[in-house]
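Notes to accompany the following structure.
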Amino acid sequence: MIHDYGLSLATVAYLIGVDSERVKTDPLVTTLDPDIMAAHAVFTFRDLPEGYSNRLVLGLRSGLHDALAALGCRIEPWLNTWESGQEPVPPGIHAVVDVPRDDGTRRAHAIYRLEDKQNTQVITVAEVPRIIRDPTHSYLNRTRAGIETLLNHRSVIVIGTYSDKPNLAQILNMNLDVTPVDLGREDALLDWVRNMLVPKASPIIPADIKRFQKGYFNPEDSRYRTYVEALIKLSRGLSSTGLFPPGQTLVNLVEDRLDRRILDGIVGGRSGYSFGFLAVGWAEYRSQKIINEEVWESLVPAEGLENIRCDGDIWYIRLDREGRTRYYEVPVVHIASSLSGRDKSALTRRDVGIISVKNGELHFKVAEGVDWEMEKPRASFDLMAQVAMIYGSAFGRDPSRIDEPIEKVQIHYHGYPHPDWLVQGTDYVAGINNIGAPCGTPQAGLLNFFESLSLYDANPDLRVAHLIEPGHGTNILVDLHDLDYIIERLQAGRRGRWPVVELGSRHWNLLREKSQSYS
């Protein structure tokens, strides 16, 4: 159970950059409860093809239908007007559940249209190749099989099952991090749907570029140079690890020209998928970092936000920690981050964006010489999580170290570390039991905020924070002065025939079993 520190989810969501109107009007933005998500989720099951007889797929499809209904999801009937293409499936439908089809299979989903592809996902229940779950095959080969499976079914998500393992199921999406689940025990399917599938049906809502105040920065400017150079050093240092495959590498795995165009649109970030990120974040303080209750009481409450008070444009936040209340300045957060779709293994200054969040307002600067219109730079889809980790570490640090700067290296890759790679006493793990929130969602940001806050709050000797996102990957958070240390550790973790830091879910189950001893 995540400690809320007396903070409302709405307040945190606003701080990390979620659109204020969505915070006010969309109940999904301010919940981490999968039961509430289920109550607002809308599914439709496309009618089965005539004569469809795959019992394995039909059994899993039926089980999914019953589990979603039991959780309170609304299931709308499939309409003939959608099937004929006369009307598009409306954005009020969060997911269309389908099965494989023989009517030209790979073009089957062209039969119907989606009005909003960010709000409605196509999910196909299908048998999938065994190679996808087999860790003895290389990640590249498993990736190729996974991409081909998604493209074969024209689906954002495939819920896979196996003829030789009928109780095994997994969610396969373009995060390419598949975590199988054994559905043999009682209620396993219901728990899995509740905690993993329902959160993934949430619409991907990255920050709209229209919300950013856009501008330029000079990479030689002393305000940014240290962080830009650190980010490029991080990119070069990790280039040999293979943890950040360029999107184009994934596109090149596919030969069919139409498939490559479809995949190119996905890996470019337009469908809300991240292929990892590198970032350096820091906090800028403009006044007192901690104030007392007397000063707090003299401040003006922020309109519509709980536990926030204002001194002009400087905000302060109230946190309840271990029976004691403290009042912290809300800093301006800056993130030097790899831009969405750029090659993380070979970043240049043109691939770096500076995103700043001040009192919920978003600012986005690119390097001088980058053309906003021609190059269309985009912030990482994981921006909310990036900002959340800086706020969490800022509010979570020991008050006796309040004068130490908040400068954090952030690394996200689509895999999990082997527990033997973690250093007892300085490495800490959090998030392993969280819901499977996808990147680009407010839930991912909220979870990273509270997990980073709680880790830094409880562990003064923490050196490396591993913030696990089930079904997505791992966020690593370290101090900037430990940049060389984390590069060397990740390089070492990638050596050998069986690396202890790896893309994919090979180490997931073992990490989950042993994570309690590291947190």
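We label chains A, B, ... in the order they appear in the structure tokens, count residues from 1 in each chain, and number ligands from 1 in the order shown.
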- Query: Mind checking DSSP for stretch 315-464 of chain A and telling me the strand (DSSP E or B) residues as a ChimeraX atom specification?
  - Reply: /A:315-321,324-329,332-338,352-358,361-367,407-413,415-417,427-430,464
Could those residues be written to a file, using C-alpha atoms, as a compact mmCIF listing (two decimals), in the first residue's frame?
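Listing of again26.txt after writing:
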```
# COMPACT_ATOMS: atom_id res chain seq x y z
CA TRP A 315 4.32 27.36 -4.07
CA TYR A 316 4.69 25.33 -0.90
CA ILE A 317 3.35 21.88 -0.13
CA ARG A 318 2.35 20.19 3.13
CA LEU A 319 3.50 16.61 3.74
CA ASP A 320 2.58 14.38 6.69
CA ARG A 321 5.52 12.09 7.46
CA ARG A 324 5.10 14.95 11.74
CA THR A 325 4.03 17.67 9.33
CA ARG A 326 6.54 19.59 7.23
CA TYR A 327 6.16 22.31 4.64
CA TYR A 328 8.35 22.24 1.55
CA GLU A 329 8.91 24.66 -1.29
CA VAL A 332 10.71 24.27 -10.55
CA VAL A 333 11.66 20.93 -12.11
CA HIS A 334 13.87 20.78 -15.20
CA ILE A 335 14.49 17.65 -17.28
CA ALA A 336 17.21 17.29 -19.90
CA SER A 337 15.79 14.31 -21.78
CA SER A 338 16.20 12.32 -24.94
CA VAL A 352 18.10 16.72 -26.24
CA GLY A 353 15.10 18.66 -25.01
CA ILE A 354 14.83 20.74 -21.84
CA ILE A 355 11.39 20.35 -20.29
CA SER A 356 10.51 22.51 -17.30
CA VAL A 357 7.49 22.30 -15.02
CA LYS A 358 6.61 25.30 -12.89
CA GLU A 361 2.88 24.82 -16.36
CA LEU A 362 4.91 23.12 -19.11
CA HIS A 363 7.87 24.62 -20.97
CA PHE A 364 9.77 22.86 -23.75
CA LYS A 365 13.07 24.06 -25.20
CA VAL A 366 15.10 22.49 -27.99
CA ALA A 367 18.69 23.23 -28.99
CA GLU A 407 20.33 16.39 -9.53
CA LYS A 408 19.23 12.96 -10.70
CA VAL A 409 20.17 10.68 -13.56
CA GLN A 410 17.14 8.80 -14.87
CA ILE A 411 17.34 5.63 -16.96
CA HIS A 412 14.39 3.61 -18.22
CA TYR A 413 14.80 0.29 -20.04
CA GLY A 415 13.48 -5.14 -18.65
CA TYR A 416 14.30 -5.99 -15.04
CA PRO A 417 17.53 -6.59 -13.13
CA ASP A 427 20.22 -0.56 -3.93
CA TYR A 428 16.51 -0.38 -3.18
CA VAL A 429 13.56 -1.71 -5.17
CA ALA A 430 9.98 -0.43 -5.19
CA VAL A 464 20.41 3.45 -6.52
```
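You can rank A:Val97, A:Val89, A:Val23, A:Ala201 by their closest distance to A:Ala38 using only C-alpha atoms, and at the top of that list sits A:Ala201.
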- Item | Two-atom distance - atom CA of A:Ser287, atom CA of A:Ile308 (Å) | 15.5 Å
- Message: What does the structure give for the distance between atom CA of A:Gly160 and atom CA of A:Thr143, in Å to one decimal?
- Response: 14.4 Å
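With only C-alpha atoms taken into account, the protein and nucleic acid residues at most 8 Å from A:Pro91 (excluding it and anything under 3 positions from it in its own chain) are A:His94, A:Leu114, A:Glu115, A:Asp116, A:Lys117, A:Asn119, A:Thr120.
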- Name the closest residue to A:Arg154 among the candidates A:Tyr139, A:Trp82, A:Tyr5, A:Tyr112; distances are taken between atoms, counting only C-alpha atoms. A:Tyr112
- Task: Give me the residues within 12 Å of A:Arg194 as a ChimeraX atom specification, counting only C-alpha atoms and dropping any in the same chain fewer than 2 places off.
- Result: /A:32-39,41,64,66-73,187-192,196-201,434-437
Just write the chosen residues, N, CA and C atoms, as a CSV table (one decimal), in the first residue's frame.
```csv
chain,number,residue,atom,x,y,z
A,32,LEU,N,-5.5,5.3,-8.5
A,32,LEU,CA,-4.6,4.2,-8.7
A,32,LEU,C,-5.3,2.8,-8.4
A,33,ASP,N,-6.6,2.9,-8.2
A,33,ASP,CA,-7.4,1.8,-7.9
A,33,ASP,C,-7.9,1.1,-9.1
A,34,PRO,N,-7.4,-0.1,-9.4
A,34,PRO,CA,-7.9,-0.8,-10.7
A,34,PRO,C,-9.4,-1.1,-10.7
A,35,ASP,N,-10.0,-1.2,-9.5
A,35,ASP,CA,-11.5,-1.4,-9.5
A,35,ASP,C,-12.2,-0.2,-10.0
A,36,ILE,N,-11.7,1.0,-9.6
A,36,ILE,CA,-12.3,2.3,-10.1
A,36,ILE,C,-12.0,2.4,-11.6
A,37,MET,N,-10.8,2.0,-12.1
A,37,MET,CA,-10.5,2.0,-13.5
A,37,MET,C,-11.5,1.1,-14.2
A,38,ALA,N,-11.7,-0.1,-13.7
A,38,ALA,CA,-12.6,-1.1,-14.3
A,38,ALA,C,-14.0,-0.5,-14.4
A,39,ALA,N,-14.5,0.2,-13.4
A,39,ALA,CA,-15.8,0.8,-13.4
A,39,ALA,C,-16.0,1.8,-14.5
A,41,ALA,N,-14.0,1.6,-17.5
A,41,ALA,CA,-13.5,1.0,-18.7
A,41,ALA,C,-14.6,0.5,-19.6
A,64,LEU,N,-11.8,-13.9,-20.4
A,64,LEU,CA,-11.6,-12.5,-20.3
A,64,LEU,C,-12.9,-11.7,-20.2
A,66,ASP,N,-15.8,-12.8,-19.0
A,66,ASP,CA,-16.4,-13.0,-17.7
A,66,ASP,C,-15.6,-12.2,-16.6
A,67,ALA,N,-14.3,-12.2,-16.7
A,67,ALA,CA,-13.5,-11.4,-15.7
A,67,ALA,C,-13.8,-9.9,-15.8
A,68,LEU,N,-13.8,-9.4,-17.0
A,68,LEU,CA,-14.1,-8.0,-17.2
A,68,LEU,C,-15.5,-7.6,-16.7
A,69,ALA,N,-16.4,-8.5,-17.0
A,69,ALA,CA,-17.8,-8.2,-16.5
A,69,ALA,C,-17.8,-8.3,-14.9
A,70,ALA,N,-17.1,-9.3,-14.4
A,70,ALA,CA,-17.1,-9.4,-12.9
A,70,ALA,C,-16.5,-8.2,-12.2
A,71,LEU,N,-15.5,-7.6,-12.9
A,71,LEU,CA,-14.8,-6.4,-12.3
A,71,LEU,C,-15.6,-5.2,-12.5
A,72,GLY,N,-16.7,-5.2,-13.2
A,72,GLY,CA,-17.6,-4.0,-13.4
A,72,GLY,C,-17.3,-3.2,-14.6
A,73,CYS,N,-16.5,-3.8,-15.5
A,73,CYS,CA,-16.3,-3.1,-16.8
A,73,CYS,C,-17.6,-3.1,-17.6
A,187,ASP,N,-8.8,-17.9,-9.4
A,187,ASP,CA,-8.9,-16.4,-9.4
A,187,ASP,C,-7.6,-15.8,-10.1
A,188,ALA,N,-6.7,-16.6,-10.6
A,188,ALA,CA,-5.6,-16.0,-11.3
A,188,ALA,C,-5.9,-15.1,-12.4
A,189,LEU,N,-6.9,-15.6,-13.3
A,189,LEU,CA,-7.3,-14.8,-14.4
A,189,LEU,C,-7.9,-13.5,-14.0
A,190,LEU,N,-8.8,-13.5,-13.0
A,190,LEU,CA,-9.4,-12.3,-12.5
A,190,LEU,C,-8.4,-11.3,-12.0
A,191,ASP,N,-7.4,-11.8,-11.2
A,191,ASP,CA,-6.4,-10.9,-10.6
A,191,ASP,C,-5.6,-10.3,-11.7
A,192,TRP,N,-5.2,-11.1,-12.7
A,192,TRP,CA,-4.4,-10.7,-13.8
A,192,TRP,C,-5.1,-9.6,-14.7
A,196,MET,N,-3.4,-6.0,-14.5
A,196,MET,CA,-2.5,-5.8,-15.7
A,196,MET,C,-3.3,-5.4,-16.9
A,197,LEU,N,-4.4,-6.0,-17.3
A,197,LEU,CA,-5.1,-5.6,-18.5
A,197,LEU,C,-5.9,-4.4,-18.4
A,198,VAL,N,-6.7,-4.2,-17.3
A,198,VAL,CA,-7.6,-3.1,-17.1
A,198,VAL,C,-6.7,-1.8,-17.2
A,199,PRO,N,-5.6,-1.7,-16.4
A,199,PRO,CA,-4.8,-0.4,-16.5
A,199,PRO,C,-4.3,-0.1,-17.9
A,200,LYS,N,-4.0,-1.2,-18.7
A,200,LYS,CA,-3.5,-1.0,-20.0
A,200,LYS,C,-4.6,-0.5,-21.0
A,201,ALA,N,-5.9,-0.6,-20.6
A,201,ALA,CA,-6.9,-0.1,-21.4
A,201,ALA,C,-7.1,1.4,-21.2
A,434,ASN,N,2.9,-3.1,-8.0
A,434,ASN,CA,1.9,-2.1,-8.5
A,434,ASN,C,1.1,-2.7,-9.7
A,435,ILE,N,0.1,-1.9,-10.0
A,435,ILE,CA,-0.6,-2.3,-11.2
A,435,ILE,C,0.2,-2.0,-12.4
A,436,GLY,N,-0.1,-2.6,-13.6
A,436,GLY,CA,0.7,-2.5,-14.8
A,436,GLY,C,0.3,-1.3,-15.6
A,437,ALA,N,0.6,-0.1,-15.1
A,437,ALA,CA,0.2,1.1,-15.8
A,437,ALA,C,1.2,1.3,-16.9
```
- Item | Residue nearest A:Phe217 - candidates A:Gly184, A:Asn141, A:Arg350, A:Pro166, atoms counted: only C-alpha atoms |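 Residue with the minimum atom-to-atom distance to A:Phe217: A:Arg350.
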- Message: Using only C-alpha atoms for the distances, tell me which of A:Ile209, A:Leu231, A:Val125, A:Leu243 is nearest to A:Gly493.
- Response: A:Leu243
- Message: Would you compute the distance between atom CA of A:Trp508 and atom CA of A:Ala385? Give it in Å to one decimal.
- Response: 21.0 Å
